[in-house]
Every structure is written in structure tokens, then in C-alpha cells.
Amino acid sequence: MNHYGVDPLPGLPGRVTICEVGPRDGLQNEAGLVPVEVKVELVERLVDAGHTVVETTSMVHPAWVPQLADAEEVLRRVDRRPGVRYPVLVPNRRGLDRALDLGVTDIAVFGSATESFAKANLNRGVTESLEMFAPVVARAREAGLHVRGYLSMCWGDPWEGAVLISQVVSVATRLLGLGCTELALGDTIGVATPGRVASLIDALLAAEVPLDRIAVHFHDTYGQGLANCLAALQRGVTTVDASAGGLGGCPYAKSATGNLATEDLLWQLDGLGVHTGVDLGKLVETSDWLAKELRRPSPSRTVRALTQG
Ligand code: MG
């Protein structure tokens, strides 16, 4: 789809896994309710486009996130294919029970690097939230599940401003110590810049966090998403989160432009010759279809460039 030439840059991985977060992180921020059949079709189309990790939904209480109240129905209806992972957000033991009953093999818990966001999002402090996750992660690991530990506000927090690297490293290692198999570093309000990204990854590596456990989750609020991804890839990170069509935002960021768009990321990775297995053309068709279902244009510049004119 990128017909304008491919040239690699030195120091980049040959292959990157994109963790597609659109159906969960994207749709949970939609103002209106999206019909279950649209969600199921979205997940299946993303897999058809070549995605091997599609974060599908969330087992949080419907009162918190009414947009994802149909989690069980979505999971029952999606044709889950071998070799594809369909992570589900699980906040507590009850959520894990529901996920296990539905044959889920991948879960994610949602931690915060800062006290302020832990209290706003989880209604408890950092230590108390880790204590809540501990039995969930232990039981999930016993059941053989892959467990992603999200860490929000790694580079900045709307209440606390800049976040100390030492604080992020401390919470990150505690989260991994619970048994999480992956750590997803979230720039929840999109304020990171590439040097800050490199510094945090270097600090995690110095704390003996294995590189292959680290994933990055960037938001494009200040237009830094792609630059930050490139900085992470140059440090050797090989798992990058992105959201089809740029779906989703952060309710805590004032100018809530959302998740890094998967198509924009793919345009860059395809041009760098970094293999992802995801077909840009099929993904653009999917985001174009979804934009029509949601009755508003995709914020992805690549989707716009390839669908207009
Ligand atoms: Mg996000």
C-alpha cells in the first residue's frame, strides 16, 4: 500500500507486533453505544487484516464503562482463531472468573504509575491497587494465561505533572513481580517526547526488566505518538499498541485526541521495512467502514489520505 519506497534505518527490529487496542481502548470512549454486531465484525476484520493481538473488550463493571457492558456477548460471538490472542481487561477476581468461563487466554490489569490517577481511575492508591491485582494475576498465571500489566501516566499526569522515572520503575517492577508477563508503558495524556521515552526504557533495562517484556502505548495528543514509537523501537522494543483509525481518547486529557492510529504506525513501519504482518489496505477499509458506522471521520491521517480524493 505504501508505494513510495522502503528504506530501513539502522538499529530497528526486523519485526514488530502491533497490539491492536481499538475495540476496547477505542470504543470505550465512544459517546454513543456501538451495537454488538459492529464490535464483533470489527474484531474479526482486524484479524482478517493480519492482526495477531486484538484487545477485544473489558470485564469492568458496566456502571463504570457502559460502552463495554456487552463484553460477554462480544466474546461469545467473535470467531476466535488459533494463533490469535484476544486480550480482555480484567479489574478484579470477579472479572477474571467471567473471563475464564468464556475461555479467555489473555488478560490485562490496569495499574497506574501515579497516586492521583490510581485514585481517579481505581478509587484506591498505587499500593492498594497492586494488592487488588495480586490474587487476580496469580490465579490467571496458574491457569496458564498471558497477563499484560498496563501502567498509566508513565511520562506525565494531569494532576502531578512530570512523573519521576524512579517512581515508574518502582511501580513497573512491582507489577511485573506480581507475575505479569508483559508491561505496557502508557503515555495516557500523550505528553511524552522521544528522549523521555528512551530514558524510561533505559532505566527499566538497568533495573533488569527484560526488553521482550516491554510494550509501549502512546497517545497522539501533542502529535508525538509516532516519534515516540520510533524512539522505543530504536531501544529494541518490539510490541507497540495502536488503535485502528485512531479510535479513542483519554477522558483526562483536555484536547483528547486519542490513541496512536494503527494506519499511521503502519505507514511508518512499512516504509522502514519493519515487518508486522498487517495489511494496510485491509485495515484502512476496516477503519473507513467503522467511521461510517460511527458517523464521523477517522482521525487517522493515513486513513484520510487513502480514502479521500
Ligand atoms: Mg490508550
# chains A, B, ... in the order shown; residues from 1 in each chain; ligands from 1
$ residues_near_ligand --ligand "ligand 1" --cutoff "10 Å" --atoms "only C-alpha atoms and all ligand atoms" --output "list of chain:residue names"
A:Val21, A:Gly22, A:Arg24, A:Asp25, A:Gly26, A:Asn29, A:Ser152, A:Gly186, A:Asp187, A:Thr188, A:Ile189, A:Gly190, A:His217, A:Phe218, A:His219, A:Asp220, A:Asp241, A:Ala242, A:Ser243, A:Gly246, A:Leu247, A:Gly248, A:Gly249, A:Cys250, A:Gly258, A:Asn259, A:Leu260
$ residues_around --residues "Val303 of chain A" --least-positions-apart "2" --cutoff "7 Å" --atoms "only C-alpha atoms" --output "PDB file with all heavy atoms, in the first residue's frame"
ATOM      1  N   GLY A 245      -7.750   3.282  13.049  1.00  0.00           N
ATOM      2  CA  GLY A 245      -8.398   4.544  12.734  1.00  0.00           C
ATOM      3  C   GLY A 245      -8.158   5.641  13.763  1.00  0.00           C
ATOM      4  O   GLY A 245      -8.741   6.715  13.677  1.00  0.00           O
ATOM      5  N   GLU A 263      -3.017   2.782  11.391  1.00  0.00           N
ATOM      6  CA  GLU A 263      -2.652   3.015   9.989  1.00  0.00           C
ATOM      7  C   GLU A 263      -1.454   3.949   9.875  1.00  0.00           C
ATOM      8  O   GLU A 263      -0.604   3.770   8.995  1.00  0.00           O
ATOM      9  CB  GLU A 263      -3.848   3.600   9.215  1.00  0.00           C
ATOM     10  CG  GLU A 263      -5.008   2.637   9.024  1.00  0.00           C
ATOM     11  CD  GLU A 263      -5.967   2.612  10.210  1.00  0.00           C
ATOM     12  OE1 GLU A 263      -5.657   3.233  11.256  1.00  0.00           O
ATOM     13  OE2 GLU A 263      -7.022   1.963  10.087  1.00  0.00           O
ATOM     14  N   VAL A 284      -7.272  -0.028   6.380  1.00  0.00           N
ATOM     15  CA  VAL A 284      -7.904   1.245   6.003  1.00  0.00           C
ATOM     16  C   VAL A 284      -9.366   1.004   5.628  1.00  0.00           C
ATOM     17  O   VAL A 284     -10.263   1.763   6.027  1.00  0.00           O
ATOM     18  CB  VAL A 284      -7.135   1.920   4.848  1.00  0.00           C
ATOM     19  CG1 VAL A 284      -7.946   3.067   4.253  1.00  0.00           C
ATOM     20  CG2 VAL A 284      -5.776   2.426   5.349  1.00  0.00           C
ATOM     21  N   SER A 298     -12.582   9.225  10.489  1.00  0.00           N
ATOM     22  CA  SER A 298     -11.467   8.714  11.283  1.00  0.00           C
ATOM     23  C   SER A 298     -10.464   9.833  11.511  1.00  0.00           C
ATOM     24  O   SER A 298     -10.145  10.594  10.600  1.00  0.00           O
ATOM     25  CB  SER A 298     -10.785   7.583  10.518  1.00  0.00           C
ATOM     26  OG  SER A 298      -9.494   7.372  11.051  1.00  0.00           O
ATOM     27  N   SER A 300      -7.386   9.309  11.863  1.00  0.00           N
ATOM     28  CA  SER A 300      -6.095   8.880  11.311  1.00  0.00           C
ATOM     29  C   SER A 300      -5.787   9.625  10.018  1.00  0.00           C
ATOM     30  O   SER A 300      -6.576   9.623   9.083  1.00  0.00           O
ATOM     31  CB  SER A 300      -6.122   7.378  11.019  1.00  0.00           C
ATOM     32  OG  SER A 300      -5.105   7.042  10.098  1.00  0.00           O
ATOM     33  N   ARG A 301      -4.609  10.236   9.963  1.00  0.00           N
ATOM     34  CA  ARG A 301      -4.241  10.950   8.736  1.00  0.00           C
ATOM     35  C   ARG A 301      -4.055   9.993   7.580  1.00  0.00           C
ATOM     36  O   ARG A 301      -4.352  10.313   6.436  1.00  0.00           O
ATOM     37  CB  ARG A 301      -2.988  11.766   8.969  1.00  0.00           C
ATOM     38  CG  ARG A 301      -3.334  13.047   9.705  1.00  0.00           C
ATOM     39  CD  ARG A 301      -2.096  13.800  10.026  1.00  0.00           C
ATOM     40  NE  ARG A 301      -1.976  13.883  11.463  1.00  0.00           N
ATOM     41  CZ  ARG A 301      -1.051  14.603  12.074  1.00  0.00           C
ATOM     42  NH1 ARG A 301      -0.150  15.252  11.375  1.00  0.00           N
ATOM     43  NH2 ARG A 301      -1.010  14.652  13.377  1.00  0.00           N
ATOM     44  N   ALA A 305      -5.939  10.161   4.079  1.00  0.00           N
ATOM     45  CA  ALA A 305      -5.174  10.313   2.830  1.00  0.00           C
ATOM     46  C   ALA A 305      -5.540   9.225   1.832  1.00  0.00           C
ATOM     47  O   ALA A 305      -5.574   9.459   0.627  1.00  0.00           O
ATOM     48  CB  ALA A 305      -3.672  10.272   3.144  1.00  0.00           C
ATOM     49  N   LEU A 306      -5.803   8.020   2.324  1.00  0.00           N
ATOM     50  CA  LEU A 306      -6.047   6.893   1.428  1.00  0.00           C
ATOM     51  C   LEU A 306      -7.515   6.710   1.077  1.00  0.00           C
ATOM     52  O   LEU A 306      -7.848   5.864   0.244  1.00  0.00           O
ATOM     53  CB  LEU A 306      -5.487   5.602   2.035  1.00  0.00           C
ATOM     54  CG  LEU A 306      -3.958   5.565   2.192  1.00  0.00           C
ATOM     55  CD1 LEU A 306      -3.513   4.283   2.899  1.00  0.00           C
ATOM     56  CD2 LEU A 306      -3.246   5.670   0.841  1.00  0.00           C
ATOM     57  N   THR A 307      -8.414   7.462   1.704  1.00  0.00           N
ATOM     58  CA  THR A 307      -9.836   7.291   1.393  1.00  0.00           C
ATOM     59  C   THR A 307     -10.456   8.536   0.760  1.00  0.00           C
ATOM     60  O   THR A 307     -11.562   8.464   0.248  1.00  0.00           O
ATOM     61  CB  THR A 307     -10.671   6.930   2.652  1.00  0.00           C
ATOM     62  OG1 THR A 307     -10.425   7.904   3.658  1.00  0.00           O
ATOM     63  CG2 THR A 307     -10.318   5.548   3.171  1.00  0.00           C
TER      64      THR A 307
END
$ closest_atom_pairs --of "segment 185-204 of chain A" --to "segment 231-235 of chain A" --cutoff "8 Å" --atoms "only C-alpha atoms" --output "CSV"
residue,atom,partner,partner_atom,distance
A:Pro194,CA,A:Ala231,CA,5.4
A:Gly195,CA,A:Ala231,CA,7.4
A:Val197,CA,A:Ala232,CA,6.5
A:Ala198,CA,A:Ala231,CA,6.1
A:Ile201,CA,A:Arg235,CA,7.3
A:Asp202,CA,A:Arg235,CA,7.8
$ select_by_dssp --residues "segment 75-199 of chain A" --states "strand (DSSP E)" --output "list in words"
Val88, Leu89, Asp106, Ile107, Ala108, Val109, Phe110, Gly111, Ser112, His146, Val147, Arg148, Gly149, Tyr150, Leu151, Ser152, Glu182, Leu183, Ala184, Leu185 and Gly186 of chain A
$ atom_distance --atom1 "atom CA of Leu75 of chain A" --atom2 "atom CA of Cys180 of chain A"
22.4 Å
$ closest_residue --among "A:Glu30, A:Glu131, A:Glu142, A:Asp212" --to "Pro13 of chain A" --atoms "only C-alpha atoms"
A:Asp212
$ residues_around --residues "Arg45 of chain A" --least-positions-apart "3" --cutoff "9 Å" --atoms "only C-alpha atoms" --output "mmCIF file with N, CA, C and O atoms, in the first residue's frame"
data_model
loop_
_atom_site.group_PDB
_atom_site.id
_atom_site.type_symbol
_atom_site.label_atom_id
_atom_site.label_comp_id
_atom_site.auth_asym_id
_atom_site.auth_seq_id
_atom_site.Cartn_x
_atom_site.Cartn_y
_atom_site.Cartn_z
ATOM 1 N N VAL A 40 -18.262 -7.095 16.985
ATOM 2 C CA VAL A 40 -17.814 -8.427 16.575
ATOM 3 C C VAL A 40 -17.199 -8.348 15.181
ATOM 4 O O VAL A 40 -16.116 -8.891 14.923
ATOM 5 N N GLU A 41 -17.863 -7.639 14.287
ATOM 6 C CA GLU A 41 -17.331 -7.511 12.926
ATOM 7 C C GLU A 41 -15.989 -6.784 12.940
ATOM 8 O O GLU A 41 -15.065 -7.145 12.210
ATOM 9 N N LEU A 42 -15.868 -5.756 13.800
ATOM 10 C CA LEU A 42 -14.602 -5.020 13.887
ATOM 11 C C LEU A 42 -13.466 -5.958 14.290
ATOM 12 O O LEU A 42 -12.407 -5.984 13.641
ATOM 13 N N ASP A 48 -8.666 -10.400 10.157
ATOM 14 C CA ASP A 48 -8.543 -10.625 8.703
ATOM 15 C C ASP A 48 -7.446 -9.751 8.097
ATOM 16 O O ASP A 48 -6.803 -10.131 7.121
ATOM 17 N N ALA A 49 -7.240 -8.560 8.660
ATOM 18 C CA ALA A 49 -6.206 -7.660 8.139
ATOM 19 C C ALA A 49 -4.801 -8.109 8.545
ATOM 20 O O ALA A 49 -3.811 -7.539 8.086
ATOM 21 N N GLY A 50 -4.714 -9.120 9.423
ATOM 22 C CA GLY A 50 -3.401 -9.664 9.775
ATOM 23 C C GLY A 50 -2.996 -9.479 11.220
ATOM 24 O O GLY A 50 -1.924 -9.931 11.626
ATOM 25 N N LYS A 282 -6.263 -3.420 3.887
ATOM 26 C CA LYS A 282 -7.425 -4.027 4.564
ATOM 27 C C LYS A 282 -7.782 -3.267 5.834
ATOM 28 O O LYS A 282 -8.953 -3.134 6.191
ATOM 29 N N LEU A 283 -6.762 -2.767 6.506
ATOM 30 C CA LEU A 283 -7.019 -2.028 7.739
ATOM 31 C C LEU A 283 -7.717 -0.696 7.442
ATOM 32 O O LEU A 283 -8.663 -0.306 8.140
ATOM 33 N N THR A 286 -11.269 -1.255 6.798
ATOM 34 C CA THR A 286 -11.975 -1.519 8.054
ATOM 35 C C THR A 286 -12.279 -0.214 8.783
ATOM 36 O O THR A 286 -13.400 0.011 9.257
#
$ closest_residue --among "A:Leu266, A:Val74, A:Ala113, A:Ala184" --to "Glu44 of chain A" --atoms "only C-alpha atoms"
A:Val74
$ residues_around --residues "segment 90-98 of chain A" --least-positions-apart "4" --cutoff "10 Å" --atoms "only C-alpha atoms" --output "list in words"
Thr57, Ser58, Met59, Val60, His61, Ala71, Glu72, Leu102, Gly103, Val104, Asp106, Ile107, Ala108, Val109, Phe110, Gly111, Leu122, Ser129, Met132, Phe133, Ala134, Pro135, Val136, Val137, Arg139, Ala140 and Val147 of chain A
$ write_last_selection --atoms "C-alpha atoms" --output "short mmCIF file (atom, residue, chain, number, x, y, z; two decimals), in the first residue's frame"
data_model
loop_
_atom_site.label_atom_id
_atom_site.label_comp_id
_atom_site.auth_asym_id
_atom_site.auth_seq_id
_atom_site.Cartn_x
_atom_site.Cartn_y
_atom_site.Cartn_z
CA THR A 57 -13.19 -5.89 25.48
CA SER A 58 -13.17 -5.26 29.21
CA MET A 59 -14.74 -7.04 32.16
CA VAL A 60 -15.09 -3.88 34.21
CA HIS A 61 -18.43 -3.24 35.89
CA ALA A 71 -18.31 -7.87 26.92
CA GLU A 72 -19.58 -11.42 27.39
CA LEU A 102 -15.54 -17.65 28.43
CA GLY A 103 -12.24 -19.36 27.60
CA VAL A 104 -10.18 -16.17 27.57
CA ASP A 106 -5.09 -13.34 27.67
CA ILE A 107 -5.99 -10.75 30.26
CA ALA A 108 -4.76 -7.29 31.19
CA VAL A 109 -4.76 -5.48 34.52
CA PHE A 110 -4.71 -1.71 34.63
CA GLY A 111 -2.23 -0.11 37.02
CA LEU A 122 -9.33 2.74 40.51
CA SER A 129 -4.40 -1.35 43.57
CA MET A 132 -6.12 -5.89 44.42
CA PHE A 133 -4.35 -7.21 41.30
CA ALA A 134 -2.07 -9.68 43.11
CA PRO A 135 -4.58 -12.55 43.51
CA VAL A 136 -6.00 -11.89 40.04
CA VAL A 137 -2.60 -12.15 38.38
CA ARG A 139 -4.74 -17.08 39.62
CA ALA A 140 -4.55 -16.12 35.93
CA VAL A 147 -1.16 -11.28 31.69
#
$ select_by_dssp --residues "segment 84-269 of chain A" --states "helix (DSSP H, G or I)" --output "PyMOL selection string"
chain A and resi 93-101+115-122+126-142+165-177+194-206+211-213+225-234+244-246+262-269
$ residues_around --residues "segment 277-280 of chain A" --least-positions-apart "4" --cutoff "12 Å" --atoms "only C-alpha atoms" --output "number ranges by chain"
A: 1-3, 14-20, 45-54, 244-245, 261-271, 273, 284-287, 302-303, 306
$ residues_around --residues "Ala203 of chain A" --least-positions-apart "6" --cutoff "12 Å" --atoms "only C-alpha atoms" --output "PyMOL selection string"
chain A and resi 164-170+172-173+196-197+209-211+235
$ closest_residue --among "A:Leu175, A:Val240, A:Leu230, A:Val43" --to "Gly11 of chain A" --atoms "only C-alpha atoms"
A:Leu230
$ closest_residue --among "A:Val171, A:Val163, A:Ala206, A:Val191" --to "Tyr222 of chain A" --atoms "only C-alpha atoms"
A:Val191
$ atom_distance --atom1 "atom CA of Leu290 of chain A" --atom2 "atom CA of Gln308 of chain A"
15.3 Å
$ residues_around --residues "Gly125 of chain A" --least-positions-apart "4" --cutoff "10 Å" --atoms "only C-alpha atoms" --output "CSV table (one decimal) with N, CA, C and O atoms, in the first residue's frame"
chain,number,residue,atom,x,y,z
A,111,GLY,N,-2.9,-0.8,35.9
A,111,GLY,CA,-2.2,-0.1,37.0
A,111,GLY,C,-1.9,1.3,36.6
A,111,GLY,O,-2.0,1.7,35.5
A,112,SER,N,-1.5,2.1,37.7
A,112,SER,CA,-1.1,3.5,37.4
A,112,SER,C,0.3,3.8,38.1
A,112,SER,O,0.5,3.3,39.2
A,114,THR,N,1.1,6.7,39.0
A,114,THR,CA,0.9,7.8,39.9
A,114,THR,C,-0.3,7.6,40.9
A,114,THR,O,-1.3,6.9,40.6
A,115,GLU,N,-0.1,8.1,42.1
A,115,GLU,CA,-1.2,8.0,43.1
A,115,GLU,C,-2.5,8.7,42.6
A,115,GLU,O,-3.6,8.2,42.8
A,116,SER,N,-2.3,9.9,42.0
A,116,SER,CA,-3.5,10.6,41.6
A,116,SER,C,-4.4,9.9,40.6
A,116,SER,O,-5.6,9.8,40.8
A,117,PHE,N,-3.8,9.3,39.6
A,117,PHE,CA,-4.5,8.6,38.6
A,117,PHE,C,-5.1,7.2,39.2
A,117,PHE,O,-6.2,6.8,38.9
A,118,ALA,N,-4.3,6.6,40.0
A,118,ALA,CA,-4.8,5.4,40.7
A,118,ALA,C,-6.1,5.7,41.4
A,118,ALA,O,-7.1,4.9,41.3
A,119,LYS,N,-6.1,6.8,42.1
A,119,LYS,CA,-7.3,7.2,42.9
A,119,LYS,C,-8.4,7.5,42.0
A,119,LYS,O,-9.6,7.2,42.2
A,120,ALA,N,-8.1,8.3,40.9
A,120,ALA,CA,-9.2,8.7,40.0
A,120,ALA,C,-9.8,7.5,39.2
A,120,ALA,O,-11.0,7.4,39.0
A,121,ASN,N,-8.9,6.6,38.8
A,121,ASN,CA,-9.4,5.5,37.9
A,121,ASN,C,-9.8,4.3,38.7
A,121,ASN,O,-10.6,3.5,38.2
A,129,SER,N,-4.0,-0.8,44.9
A,129,SER,CA,-4.4,-1.4,43.6
A,129,SER,C,-3.5,-2.6,43.2
A,129,SER,O,-4.0,-3.6,42.7
A,130,LEU,N,-2.2,-2.5,43.6
A,130,LEU,CA,-1.4,-3.7,43.3
A,130,LEU,C,-1.9,-4.9,44.2
A,130,LEU,O,-1.9,-6.0,43.7
A,131,GLU,N,-2.3,-4.5,45.4
A,131,GLU,CA,-2.8,-5.6,46.3
A,131,GLU,C,-4.1,-6.2,45.7
A,131,GLU,O,-4.3,-7.4,45.8
$ closest_residue --among "A:Val34, A:Leu272, A:Val237, A:Leu205" --to "Ala291 of chain A" --atoms "only C-alpha atoms"
A:Val34
